[in-house]
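Enquirer: Structure provided below as structure tokens; questions to follow.
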Amino acid sequence: MSEATSLLASGHRACAGCGAAIAVRQVLEAAGPNTICVNATGCLEVTTTPYPQTAWRVPWIHVAFENAAAVASGIEAAYKALRAKGTIPKDKKPNVIAFAGDGGTFDIGLQALSGMLERGHDVLYVCYDNEAYMNTGIQRSSSTPFGAATTTSPAGKVIPGEMRKKKPIALIAAAHDIPYVATASIAFPADLKRKVKKALEVEGPSFLHILAPCPTGWRFGTEKTVEVARLAVETGVFVLYEITNEDPLKPIVTKKIKDRKPVEEYLKLQGRFRHLFKPVKRQDIIDKIQEEVDRKCKLFGVDED
Amino acid sequence: MMRIVKGNEAAAIAAKLAKPDVVAAYPITPSTDFPEKIAEYVANGELPHTQFIPVESEHSAMSACIGASAAGARACTATSSQGLELMHEMLFIASGMRLPIVLYNANRALSAPINIWCDHQDSISARDTGWIQFYGENNQEALDLMLMSFRIAEDPRVLLPAMTCIDAFICTHTFEPVDIPSQEEVDAFLPPYKPTHVKLDPDEPMTLGPFGVPEYYQEMRYAQHLAMKNAEKVIDEVFVDFERRFGRKYSKVSPYMIEDAEIILITLGSVSGTTKEFIDKMRKGGKKIGMVKLTVLRPFPSKELIPLIKNARVVATLERNISLGYGGAIYADLAGILINEEKRPLLIDFILGLGGRDITFNDLEEIVKACEKLIEGERIERPVWIGVKKELV
């Protein structure tokens with residue numbers, strides 16, 4: 001889809017190299033114009049809709065931070081009711097897609113998300129994950145990875161950044177036994193779009209977790225967004241998989257990795273991990289990150305022989 | 001058709017008659033009968049197109065109503081106390097987005113300590129959220145006001161959400177005879193909701209709930225204020241039409257025995273009935289006491305109230321709420337509208353009936369005595385707390 005017809009128009013105020021904006025464009029390219037978007041409060045909402053301007057060429061609503069899933073539930077139910085009543089044609093069934101960042105999904109929006117998934121609304125919930133509260137200035141969320149420095153998990157003299165590991169949000173979504181869950185990366189657009197289409201085809205709720213690197217918060221050059229996203233997959237830091245309710249306990253890896261790269265290659269590109277390299281190399285922390293990634297890759301079966 | 005029903009059921013029947021598209025609600029004592037009844041109507045095919053969403057919290061109840069209403073649906077919900085507080089953030093947004101959602105609130109005290117019984121602190125604390133607020137005195141009023149609130153909220157001149165507040169247990173769980181209008185009568189009174197100001201339709205993409213920068217925010221708030229002003233007129237029109245069709249008269253303020261009254265008591269909700277009986281008794285003893293019941297609290301009925309109360313010696317507000325560190329909320333509203341009147345009564349607020357404590361004739365007598373002292377020129381520290389067992393404090 002060309003820039004001129006993208007459903008998320010150019011000219012919005014997201015930072016150069018914003019991974020979230022790329023993620024949304026890719027999702028909308030797969031979903032098409034017959035789509036209603038719900039947006040949780042966050043960078044995406046703020047940068048795309050400064051009144052009286054909007055970057056959205058599809059119907060779009062923002063209500064608050066923690067309730068994108070509940071708002072989407074209401075929209076989906078409204079369309080059901082209006083179809084049943086005959087107010088709108090029986091075949092008028094737009095996609096309902098909720099977009100929220102990691103704060104709006106992993107943390108403050110988790111309850112509403114769980115409710116929406118459990119009740120079985122026909123909604124695709126997309127989490128664009130940039131691993132911290134970027135809109136308020138890079139505070140840690142429960143998505144922030146082990147070792148990363150944020151403004152509320154700073155690299156101090158005693159504590160070297162975030163000391164908790166990232167919450168496995170897609171597995172939590174899958175535990176609701178819903179029709180479709182997947183992870184995706186903006187560096188693998190064909191895989192991402194295929195997953196969006198699959199998610200929209202199923203009846204009932206689906207959940208898509210997209211890693212969306214943030215040059216501002218992760219501190220890397222704005223030209224490196226896709227490169228960083230690709231390295232996250234190639235190092236096994238972010239595993240691409242999908243889960244259907246045929247077996248919600250068995251994620252199917254959609255991108256196996258041959259000769260998996262060491263995590264150090266991913267970490268060293270980003271300022272949020274700089275304290276692991278300078279002034280003294282914290283091999284102990286890097287090793288711990290590598291061990292955790294190895295454990296996860298083994299569990300998921302990421303490595304290709 | 002007359003039926004003997006609880007206040008909660010009266011409100012649920014009103015919602016059913018309005019044929020809502022979406023009802024999203026969460027159980028909370030004492031309003032739980034409402035979602036139960038709606039679920040029952042849906043399960044029995046009596047509301048064939050309605051989507052009932054048994055949400056996981058009140059916050060999500062209002063959020064789902066907002067989504068539904070923005071998509072063009074008639075949406076309603078019910079709650080009480082902590083539930084209304086959990087919704088508080090969403091109440092502002094429903095109003096700011098100009099979504100005519102209808103809410104039934106069972107007036108219940110707020111924690112702590114946790115208490116499930118009647119007072120008005122919950123909805124009083126929501127009075128600045130941009131919702132139209134009705135207070136019903138009995139179960140018939142619960143049904144009638146709920147029904148009217150759909151039409152008032154959805155009027156293109158208004159487009160604001162509206163809540164009908166009914167006293168916990170005193171009305172919600174008390175059986176009373178209620179005249180239930182027929183579906184045909186209601187259909188003629190309440191046209192289907194056809195919004196043009198909001199739409200979530202891929203054929204006509206619209207951006208709703210954008211980022212309001214300082215250059216525009218204040219104008220949007222002003223537009224809400226104007227809508228509240230319009231509601232003053234629309235409420236009167238709907239009250240008149242309702243009386244014409246259903247024979248029951250409503251007004252924003254209902255005076256009782258005020259013509260020669262030296263003392264006027266201001267009431268909200270079910271205590272109005274008790275107060276009328278009390279006045280009848282006092283009148284027999286020669287005391288010139290009257291009452292004004294407020295049915296509408298937002299928009300505040302200033303215009304209607306001032307002429308009714310300005311000639312009294314003392315106006316006393318019966319407050320089932322307390323703005324801690326200040327006093328009664330109704331007192332503050334009244335003081336504000338009277339201060340610029342040349343002739344105005346003395347004004348005093350009485351805090352009573354909190355957390356379900358009964359309001360008795362003895363309490364009302366104590367209030368009258370205090371008012372008489374004021375008339376005699378004595379100074380009284382306000383707010384006056386009625387019935388507090390000081391030995392327990």
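So you can find residues: chains in the structure tokens are A, B, ... in the order shown, residues in each start at 1, and ligands are numbered from 1 in order.
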Please, which residues of chain B lie no more than 7 Å from chain A when the count uses only C-alpha atoms, and can they be set out as an NGL selection string?
Expert: :B and (21-22 or 49-51 or 55-56 or 60 or 63-68 or 71 or 73 or 93 or 200-202 or 205-213)
Enquirer: Once DSSP has gone over the backbone, tell me which residues of segment 30-220 of chain A are in helix (DSSP H, G or I), as a PDB file with N, CA, C and O atoms, in the first residue's frame.
Expert:
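Contents of selection.pdb, as written:
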ATOM      1  N   ALA A  30      -3.014  -5.053   6.357  1.00  0.00           N
ATOM      2  CA  ALA A  30      -3.586  -6.408   6.305  1.00  0.00           C
ATOM      3  C   ALA A  30      -5.094  -6.379   6.571  1.00  0.00           C
ATOM      4  O   ALA A  30      -5.845  -7.141   5.970  1.00  0.00           O
ATOM      5  N   ALA A  31      -5.518  -5.487   7.433  1.00  0.00           N
ATOM      6  CA  ALA A  31      -6.938  -5.470   7.831  1.00  0.00           C
ATOM      7  C   ALA A  31      -7.820  -4.804   6.783  1.00  0.00           C
ATOM      8  O   ALA A  31      -8.971  -5.196   6.587  1.00  0.00           O
ATOM      9  N   CYS A  43       1.352   7.007  23.302  1.00  0.00           N
ATOM     10  CA  CYS A  43       2.027   7.702  22.206  1.00  0.00           C
ATOM     11  C   CYS A  43       1.175   7.716  20.933  1.00  0.00           C
ATOM     12  O   CYS A  43       1.011   8.742  20.293  1.00  0.00           O
ATOM     13  N   LEU A  44       0.647   6.542  20.581  1.00  0.00           N
ATOM     14  CA  LEU A  44      -0.060   6.405  19.308  1.00  0.00           C
ATOM     15  C   LEU A  44      -1.250   7.363  19.237  1.00  0.00           C
ATOM     16  O   LEU A  44      -1.460   8.043  18.227  1.00  0.00           O
ATOM     17  N   GLU A  45      -2.017   7.422  20.309  1.00  0.00           N
ATOM     18  CA  GLU A  45      -3.189   8.301  20.357  1.00  0.00           C
ATOM     19  C   GLU A  45      -2.779   9.770  20.295  1.00  0.00           C
ATOM     20  O   GLU A  45      -3.312  10.569  19.535  1.00  0.00           O
ATOM     21  N   VAL A  46      -1.777  10.112  21.109  1.00  0.00           N
ATOM     22  CA  VAL A  46      -1.363  11.512  21.217  1.00  0.00           C
ATOM     23  C   VAL A  46      -0.794  12.020  19.892  1.00  0.00           C
ATOM     24  O   VAL A  46      -1.101  13.126  19.454  1.00  0.00           O
ATOM     25  N   THR A  47       0.030  11.176  19.255  1.00  0.00           N
ATOM     26  CA  THR A  47       0.735  11.672  18.071  1.00  0.00           C
ATOM     27  C   THR A  47      -0.120  11.665  16.807  1.00  0.00           C
ATOM     28  O   THR A  47       0.214  12.320  15.834  1.00  0.00           O
ATOM     29  N   THR A  48      -1.219  10.913  16.815  1.00  0.00           N
ATOM     30  CA  THR A  48      -2.000  10.795  15.573  1.00  0.00           C
ATOM     31  C   THR A  48      -3.277  11.628  15.563  1.00  0.00           C
ATOM     32  O   THR A  48      -3.922  11.724  14.523  1.00  0.00           O
ATOM     33  N   ALA A  68      -9.238  -0.059  26.513  1.00  0.00           N
ATOM     34  CA  ALA A  68      -9.431  -0.268  25.067  1.00  0.00           C
ATOM     35  C   ALA A  68     -10.224  -1.550  24.815  1.00  0.00           C
ATOM     36  O   ALA A  68     -11.113  -1.581  23.962  1.00  0.00           O
ATOM     37  N   ALA A  69      -9.940  -2.590  25.587  1.00  0.00           N
ATOM     38  CA  ALA A  69     -10.633  -3.871  25.372  1.00  0.00           C
ATOM     39  C   ALA A  69     -12.117  -3.750  25.716  1.00  0.00           C
ATOM     40  O   ALA A  69     -12.961  -4.328  25.027  1.00  0.00           O
ATOM     41  N   ALA A  70     -12.441  -3.010  26.763  1.00  0.00           N
ATOM     42  CA  ALA A  70     -13.847  -2.860  27.155  1.00  0.00           C
ATOM     43  C   ALA A  70     -14.600  -1.996  26.146  1.00  0.00           C
ATOM     44  O   ALA A  70     -15.754  -2.282  25.803  1.00  0.00           O
ATOM     45  N   VAL A  71     -13.955  -0.949  25.648  1.00  0.00           N
ATOM     46  CA  VAL A  71     -14.587  -0.089  24.640  1.00  0.00           C
ATOM     47  C   VAL A  71     -14.835  -0.913  23.375  1.00  0.00           C
ATOM     48  O   VAL A  71     -15.925  -0.855  22.782  1.00  0.00           O
ATOM     49  N   ALA A  72     -13.836  -1.706  22.992  1.00  0.00           N
ATOM     50  CA  ALA A  72     -13.991  -2.564  21.805  1.00  0.00           C
ATOM     51  C   ALA A  72     -15.135  -3.556  22.007  1.00  0.00           C
ATOM     52  O   ALA A  72     -15.902  -3.827  21.075  1.00  0.00           O
ATOM     53  N   SER A  73     -15.275  -4.083  23.233  1.00  0.00           N
ATOM     54  CA  SER A  73     -16.392  -4.993  23.537  1.00  0.00           C
ATOM     55  C   SER A  73     -17.723  -4.320  23.244  1.00  0.00           C
ATOM     56  O   SER A  73     -18.636  -4.923  22.673  1.00  0.00           O
ATOM     57  N   GLY A  74     -17.835  -3.057  23.671  1.00  0.00           N
ATOM     58  CA  GLY A  74     -19.082  -2.309  23.475  1.00  0.00           C
ATOM     59  C   GLY A  74     -19.378  -2.066  22.001  1.00  0.00           C
ATOM     60  O   GLY A  74     -20.523  -2.170  21.560  1.00  0.00           O
ATOM     61  N   ILE A  75     -18.338  -1.774  21.232  1.00  0.00           N
ATOM     62  CA  ILE A  75     -18.529  -1.521  19.793  1.00  0.00           C
ATOM     63  C   ILE A  75     -18.981  -2.799  19.094  1.00  0.00           C
ATOM     64  O   ILE A  75     -19.930  -2.792  18.307  1.00  0.00           O
ATOM     65  N   GLU A  76     -18.300  -3.881  19.425  1.00  0.00           N
ATOM     66  CA  GLU A  76     -18.654  -5.163  18.803  1.00  0.00           C
ATOM     67  C   GLU A  76     -20.099  -5.545  19.159  1.00  0.00           C
ATOM     68  O   GLU A  76     -20.878  -5.975  18.303  1.00  0.00           O
ATOM     69  N   ALA A  77     -20.463  -5.339  20.433  1.00  0.00           N
ATOM     70  CA  ALA A  77     -21.830  -5.665  20.864  1.00  0.00           C
ATOM     71  C   ALA A  77     -22.843  -4.753  20.176  1.00  0.00           C
ATOM     72  O   ALA A  77     -23.928  -5.194  19.787  1.00  0.00           O
ATOM     73  N   ALA A  78     -22.491  -3.483  20.010  1.00  0.00           N
ATOM     74  CA  ALA A  78     -23.402  -2.534  19.358  1.00  0.00           C
ATOM     75  C   ALA A  78     -23.682  -2.979  17.923  1.00  0.00           C
ATOM     76  O   ALA A  78     -24.838  -2.987  17.478  1.00  0.00           O
ATOM     77  N   TYR A  79     -22.631  -3.357  17.214  1.00  0.00           N
ATOM     78  CA  TYR A  79     -22.835  -3.804  15.825  1.00  0.00           C
ATOM     79  C   TYR A  79     -23.717  -5.050  15.775  1.00  0.00           C
ATOM     80  O   TYR A  79     -24.580  -5.174  14.905  1.00  0.00           O
ATOM     81  N   LYS A  80     -23.501  -5.957  16.736  1.00  0.00           N
ATOM     82  CA  LYS A  80     -24.339  -7.170  16.799  1.00  0.00           C
ATOM     83  C   LYS A  80     -25.803  -6.781  16.982  1.00  0.00           C
ATOM     84  O   LYS A  80     -26.692  -7.297  16.297  1.00  0.00           O
ATOM     85  N   ALA A  81     -26.037  -5.872  17.933  1.00  0.00           N
ATOM     86  CA  ALA A  81     -27.411  -5.469  18.244  1.00  0.00           C
ATOM     87  C   ALA A  81     -28.047  -4.741  17.056  1.00  0.00           C
ATOM     88  O   ALA A  81     -29.204  -5.002  16.705  1.00  0.00           O
ATOM     89  N   LEU A  82     -27.290  -3.853  16.430  1.00  0.00           N
ATOM     90  CA  LEU A  82     -27.847  -3.067  15.321  1.00  0.00           C
ATOM     91  C   LEU A  82     -28.126  -3.956  14.098  1.00  0.00           C
ATOM     92  O   LEU A  82     -29.079  -3.723  13.361  1.00  0.00           O
ATOM     93  N   ARG A  83     -27.295  -4.985  13.929  1.00  0.00           N
ATOM     94  CA  ARG A  83     -27.572  -5.954  12.847  1.00  0.00           C
ATOM     95  C   ARG A  83     -28.839  -6.741  13.173  1.00  0.00           C
ATOM     96  O   ARG A  83     -29.710  -6.891  12.318  1.00  0.00           O
ATOM     97  N   ALA A  84     -28.933  -7.201  14.426  1.00  0.00           N
ATOM     98  CA  ALA A  84     -30.094  -8.008  14.823  1.00  0.00           C
ATOM     99  C   ALA A  84     -31.385  -7.213  14.698  1.00  0.00           C
ATOM    100  O   ALA A  84     -32.436  -7.747  14.366  1.00  0.00           O
ATOM    101  N   LYS A  85     -31.304  -5.922  14.967  1.00  0.00           N
ATOM    102  CA  LYS A  85     -32.491  -5.052  14.935  1.00  0.00           C
ATOM    103  C   LYS A  85     -32.859  -4.667  13.507  1.00  0.00           C
ATOM    104  O   LYS A  85     -33.958  -4.204  13.258  1.00  0.00           O
ATOM    105  N   ASP A 102       2.328  -1.374  25.717  1.00  0.00           N
ATOM    106  CA  ASP A 102       2.542  -2.375  26.766  1.00  0.00           C
ATOM    107  C   ASP A 102       1.962  -1.895  28.097  1.00  0.00           C
ATOM    108  O   ASP A 102       1.400  -2.691  28.847  1.00  0.00           O
ATOM    109  N   GLY A 103       2.041  -0.608  28.388  1.00  0.00           N
ATOM    110  CA  GLY A 103       1.435  -0.101  29.629  1.00  0.00           C
ATOM    111  C   GLY A 103      -0.051  -0.370  29.656  1.00  0.00           C
ATOM    112  O   GLY A 103      -0.602  -0.871  30.634  1.00  0.00           O
ATOM    113  N   GLY A 104      -0.707  -0.064  28.536  1.00  0.00           N
ATOM    114  CA  GLY A 104      -2.157  -0.228  28.433  1.00  0.00           C
ATOM    115  C   GLY A 104      -2.600  -1.677  28.333  1.00  0.00           C
ATOM    116  O   GLY A 104      -3.790  -1.969  28.427  1.00  0.00           O
ATOM    117  N   THR A 105      -1.646  -2.587  28.140  1.00  0.00           N
ATOM    118  CA  THR A 105      -1.984  -4.000  27.979  1.00  0.00           C
ATOM    119  C   THR A 105      -1.477  -4.845  29.153  1.00  0.00           C
ATOM    120  O   THR A 105      -2.259  -5.484  29.843  1.00  0.00           O
ATOM    121  N   PHE A 106      -0.159  -4.783  29.386  1.00  0.00           N
ATOM    122  CA  PHE A 106       0.457  -5.625  30.421  1.00  0.00           C
ATOM    123  C   PHE A 106       0.032  -5.163  31.819  1.00  0.00           C
ATOM    124  O   PHE A 106      -0.072  -5.969  32.733  1.00  0.00           O
ATOM    125  N   ASP A 107      -0.133  -3.840  31.974  1.00  0.00           N
ATOM    126  CA  ASP A 107      -0.342  -3.284  33.313  1.00  0.00           C
ATOM    127  C   ASP A 107      -1.788  -2.824  33.509  1.00  0.00           C
ATOM    128  O   ASP A 107      -2.657  -3.592  33.878  1.00  0.00           O
ATOM    129  N   LEU A 110      -4.870  -4.753  31.832  1.00  0.00           N
ATOM    130  CA  LEU A 110      -4.905  -6.224  31.847  1.00  0.00           C
ATOM    131  C   LEU A 110      -6.270  -6.778  32.230  1.00  0.00           C
ATOM    132  O   LEU A 110      -6.751  -7.754  31.652  1.00  0.00           O
ATOM    133  N   GLN A 111      -6.919  -6.135  33.204  1.00  0.00           N
ATOM    134  CA  GLN A 111      -8.224  -6.639  33.659  1.00  0.00           C
ATOM    135  C   GLN A 111      -9.277  -6.535  32.550  1.00  0.00           C
ATOM    136  O   GLN A 111     -10.017  -7.484  32.281  1.00  0.00           O
ATOM    137  N   ALA A 112      -9.316  -5.363  31.903  1.00  0.00           N
ATOM    138  CA  ALA A 112     -10.293  -5.178  30.831  1.00  0.00           C
ATOM    139  C   ALA A 112     -10.006  -6.141  29.677  1.00  0.00           C
ATOM    140  O   ALA A 112     -10.924  -6.691  29.062  1.00  0.00           O
ATOM    141  N   LEU A 113      -8.708  -6.354  29.408  1.00  0.00           N
ATOM    142  CA  LEU A 113      -8.319  -7.290  28.348  1.00  0.00           C
ATOM    143  C   LEU A 113      -8.801  -8.697  28.689  1.00  0.00           C
ATOM    144  O   LEU A 113      -9.415  -9.376  27.859  1.00  0.00           O
ATOM    145  N   SER A 114      -8.546  -9.126  29.911  1.00  0.00           N
ATOM    146  CA  SER A 114      -8.958 -10.469  30.330  1.00  0.00           C
ATOM    147  C   SER A 114     -10.468 -10.633  30.204  1.00  0.00           C
ATOM    148  O   SER A 114     -10.965 -11.659  29.731  1.00  0.00           O
ATOM    149  N   GLY A 115     -11.208  -9.597  30.602  1.00  0.00           N
ATOM    150  CA  GLY A 115     -12.670  -9.647  30.506  1.00  0.00           C
ATOM    151  C   GLY A 115     -13.133  -9.791  29.063  1.00  0.00           C
ATOM    152  O   GLY A 115     -14.002 -10.610  28.746  1.00  0.00           O
ATOM    153  N   MET A 116     -12.525  -9.004  28.192  1.00  0.00           N
ATOM    154  CA  MET A 116     -12.924  -9.044  26.774  1.00  0.00           C
ATOM    155  C   MET A 116     -12.626 -10.425  26.173  1.00  0.00           C
ATOM    156  O   MET A 116     -13.449 -10.996  25.453  1.00  0.00           O
ATOM    157  N   LEU A 117     -11.431 -10.960  26.497  1.00  0.00           N
ATOM    158  CA  LEU A 117     -11.053 -12.267  25.950  1.00  0.00           C
ATOM    159  C   LEU A 117     -11.983 -13.362  26.479  1.00  0.00           C
ATOM    160  O   LEU A 117     -12.473 -14.202  25.729  1.00  0.00           O
ATOM    161  N   GLU A 118     -12.240 -13.294  27.776  1.00  0.00           N
ATOM    162  CA  GLU A 118     -13.065 -14.334  28.411  1.00  0.00           C
ATOM    163  C   GLU A 118     -14.499 -14.315  27.879  1.00  0.00           C
ATOM    164  O   GLU A 118     -15.123 -15.361  27.711  1.00  0.00           O
ATOM    165  N   ARG A 119     -15.027 -13.118  27.614  1.00  0.00           N
ATOM    166  CA  ARG A 119     -16.426 -13.024  27.149  1.00  0.00           C
ATOM    167  C   ARG A 119     -16.575 -13.385  25.671  1.00  0.00           C
ATOM    168  O   ARG A 119     -17.690 -13.476  25.167  1.00  0.00           O
ATOM    169  N   ILE A 169       3.051 -11.878  28.094  1.00  0.00           N
ATOM    170  CA  ILE A 169       1.667 -11.430  27.883  1.00  0.00           C
ATOM    171  C   ILE A 169       0.890 -12.298  26.888  1.00  0.00           C
ATOM    172  O   ILE A 169      -0.305 -12.559  27.076  1.00  0.00           O
ATOM    173  N   ALA A 170       1.575 -12.745  25.821  1.00  0.00           N
ATOM    174  CA  ALA A 170       0.853 -13.540  24.819  1.00  0.00           C
ATOM    175  C   ALA A 170       0.406 -14.874  25.408  1.00  0.00           C
ATOM    176  O   ALA A 170      -0.675 -15.384  25.097  1.00  0.00           O
ATOM    177  N   LEU A 171       1.245 -15.443  26.295  1.00  0.00           N
ATOM    178  CA  LEU A 171       0.873 -16.711  26.930  1.00  0.00           C
ATOM    179  C   LEU A 171      -0.290 -16.494  27.903  1.00  0.00           C
ATOM    180  O   LEU A 171      -1.158 -17.362  28.058  1.00  0.00           O
ATOM    181  N   ILE A 172      -0.295 -15.323  28.540  1.00  0.00           N
ATOM    182  CA  ILE A 172      -1.414 -14.998  29.445  1.00  0.00           C
ATOM    183  C   ILE A 172      -2.713 -14.885  28.635  1.00  0.00           C
ATOM    184  O   ILE A 172      -3.752 -15.393  29.029  1.00  0.00           O
ATOM    185  N   ALA A 173      -2.601 -14.233  27.477  1.00  0.00           N
ATOM    186  CA  ALA A 173      -3.786 -14.129  26.600  1.00  0.00           C
ATOM    187  C   ALA A 173      -4.220 -15.532  26.162  1.00  0.00           C
ATOM    188  O   ALA A 173      -5.410 -15.873  26.190  1.00  0.00           O
ATOM    189  N   ALA A 174      -3.234 -16.360  25.786  1.00  0.00           N
ATOM    190  CA  ALA A 174      -3.557 -17.710  25.302  1.00  0.00           C
ATOM    191  C   ALA A 174      -4.214 -18.560  26.384  1.00  0.00           C
ATOM    192  O   ALA A 174      -5.045 -19.422  26.086  1.00  0.00           O
ATOM    193  N   PRO A 189       7.285  -8.232   8.071  1.00  0.00           N
ATOM    194  CA  PRO A 189       5.927  -7.750   7.749  1.00  0.00           C
ATOM    195  C   PRO A 189       5.028  -8.812   7.116  1.00  0.00           C
ATOM    196  O   PRO A 189       3.829  -8.809   7.360  1.00  0.00           O
ATOM    197  N   ALA A 190       5.596  -9.703   6.322  1.00  0.00           N
ATOM    198  CA  ALA A 190       4.751 -10.713   5.673  1.00  0.00           C
ATOM    199  C   ALA A 190       4.143 -11.631   6.735  1.00  0.00           C
ATOM    200  O   ALA A 190       2.944 -11.957   6.709  1.00  0.00           O
ATOM    201  N   ASP A 191       4.999 -12.016   7.698  1.00  0.00           N
ATOM    202  CA  ASP A 191       4.542 -12.871   8.799  1.00  0.00           C
ATOM    203  C   ASP A 191       3.493 -12.119   9.630  1.00  0.00           C
ATOM    204  O   ASP A 191       2.448 -12.675   9.992  1.00  0.00           O
ATOM    205  N   LEU A 192       3.756 -10.841   9.902  1.00  0.00           N
ATOM    206  CA  LEU A 192       2.833 -10.022  10.705  1.00  0.00           C
ATOM    207  C   LEU A 192       1.465  -9.922  10.021  1.00  0.00           C
ATOM    208  O   LEU A 192       0.411 -10.137  10.639  1.00  0.00           O
ATOM    209  N   LYS A 193       1.481  -9.631   8.733  1.00  0.00           N
ATOM    210  CA  LYS A 193       0.216  -9.446   8.005  1.00  0.00           C
ATOM    211  C   LYS A 193      -0.570 -10.749   7.891  1.00  0.00           C
ATOM    212  O   LYS A 193      -1.791 -10.747   7.987  1.00  0.00           O
ATOM    213  N   ARG A 194       0.158 -11.828   7.701  1.00  0.00           N
ATOM    214  CA  ARG A 194      -0.526 -13.127   7.648  1.00  0.00           C
ATOM    215  C   ARG A 194      -1.238 -13.384   8.975  1.00  0.00           C
ATOM    216  O   ARG A 194      -2.388 -13.842   9.010  1.00  0.00           O
ATOM    217  N   LYS A 195      -0.584 -13.033  10.065  1.00  0.00           N
ATOM    218  CA  LYS A 195      -1.179 -13.255  11.394  1.00  0.00           C
ATOM    219  C   LYS A 195      -2.389 -12.348  11.634  1.00  0.00           C
ATOM    220  O   LYS A 195      -3.374 -12.764  12.234  1.00  0.00           O
ATOM    221  N   VAL A 196      -2.296 -11.126  11.142  1.00  0.00           N
ATOM    222  CA  VAL A 196      -3.447 -10.212  11.291  1.00  0.00           C
ATOM    223  C   VAL A 196      -4.653 -10.797  10.556  1.00  0.00           C
ATOM    224  O   VAL A 196      -5.767 -10.836  11.081  1.00  0.00           O
ATOM    225  N   LYS A 197      -4.406 -11.263   9.326  1.00  0.00           N
ATOM    226  CA  LYS A 197      -5.508 -11.821   8.526  1.00  0.00           C
ATOM    227  C   LYS A 197      -6.104 -13.048   9.196  1.00  0.00           C
ATOM    228  O   LYS A 197      -7.328 -13.193   9.262  1.00  0.00           O
ATOM    229  N   LYS A 198      -5.236 -13.874   9.722  1.00  0.00           N
ATOM    230  CA  LYS A 198      -5.703 -15.085  10.403  1.00  0.00           C
ATOM    231  C   LYS A 198      -6.529 -14.707  11.635  1.00  0.00           C
ATOM    232  O   LYS A 198      -7.603 -15.272  11.889  1.00  0.00           O
ATOM    233  N   ALA A 199      -6.018 -13.727  12.377  1.00  0.00           N
ATOM    234  CA  ALA A 199      -6.718 -13.282  13.598  1.00  0.00           C
ATOM    235  C   ALA A 199      -8.099 -12.728  13.256  1.00  0.00           C
ATOM    236  O   ALA A 199      -9.062 -12.944  13.989  1.00  0.00           O
ATOM    237  N   LEU A 200      -8.195 -12.019  12.135  1.00  0.00           N
ATOM    238  CA  LEU A 200      -9.484 -11.415  11.769  1.00  0.00           C
ATOM    239  C   LEU A 200     -10.446 -12.445  11.190  1.00  0.00           C
ATOM    240  O   LEU A 200     -11.663 -12.236  11.208  1.00  0.00           O
ATOM    241  N   GLU A 201      -9.884 -13.543  10.691  1.00  0.00           N
ATOM    242  CA  GLU A 201     -10.757 -14.578  10.120  1.00  0.00           C
ATOM    243  C   GLU A 201     -11.470 -15.393  11.193  1.00  0.00           C
ATOM    244  O   GLU A 201     -12.596 -15.825  10.993  1.00  0.00           O
ATOM    245  N   PRO A 215      13.036   4.216  19.207  1.00  0.00           N
ATOM    246  CA  PRO A 215      14.371   4.831  19.179  1.00  0.00           C
ATOM    247  C   PRO A 215      14.584   5.791  20.353  1.00  0.00           C
ATOM    248  O   PRO A 215      15.687   5.870  20.889  1.00  0.00           O
ATOM    249  N   THR A 216      13.538   6.493  20.744  1.00  0.00           N
ATOM    250  CA  THR A 216      13.662   7.484  21.809  1.00  0.00           C
ATOM    251  C   THR A 216      13.898   6.817  23.163  1.00  0.00           C
ATOM    252  O   THR A 216      14.752   7.243  23.933  1.00  0.00           O
ATOM    253  N   GLY A 217      13.133   5.782  23.436  1.00  0.00           N
ATOM    254  CA  GLY A 217      13.202   5.145  24.750  1.00  0.00           C
ATOM    255  C   GLY A 217      14.301   4.096  24.871  1.00  0.00           C
ATOM    256  O   GLY A 217      14.840   3.880  25.941  1.00  0.00           O
ATOM    257  N   TRP A 218      14.590   3.458  23.734  1.00  0.00           N
ATOM    258  CA  TRP A 218      15.618   2.405  23.768  1.00  0.00           C
ATOM    259  C   TRP A 218      16.988   2.995  23.449  1.00  0.00           C
ATOM    260  O   TRP A 218      17.994   2.339  23.578  1.00  0.00           O
TER     261      TRP A 218
END
Enquirer: Can you pull out every residue from segment 201-351 of chain B that DSSP, working from the backbone, puts in strand (DSSP E or B), and format the result as a VMD selection string?
Expert: chain B and resid 207 to 208 211 253 to 256 263 to 268 289 to 294 296 to 298 314 to 319 323 327 346 to 351
Enquirer: Find the distance between atom CA of Ala227 of chain B and atom CA of Leu159 of chain B and write it in Å to one decimal.
Expert: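 Separation between atom CA of Ala227 of chain B and atom CA of Leu159 of chain B: 7.2 Å.
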Enquirer: Can you pull out the residues contacting segment 169-181 of chain B? Cut-off 9 Å, using only C-alpha atoms, and skip same-chain residues under 2 positions away; I want them as JSON, numbers by chain.
Expert: {"B": [1, 2, 3, 4, 5, 6, 7, 8, 9, 10, 13, 14, 17, 30, 31, 33, 106, 107, 108, 117, 118, 137, 138, 139, 140, 141, 142, 143, 144, 166, 167, 183, 184, 185, 186, 246, 270, 356]}
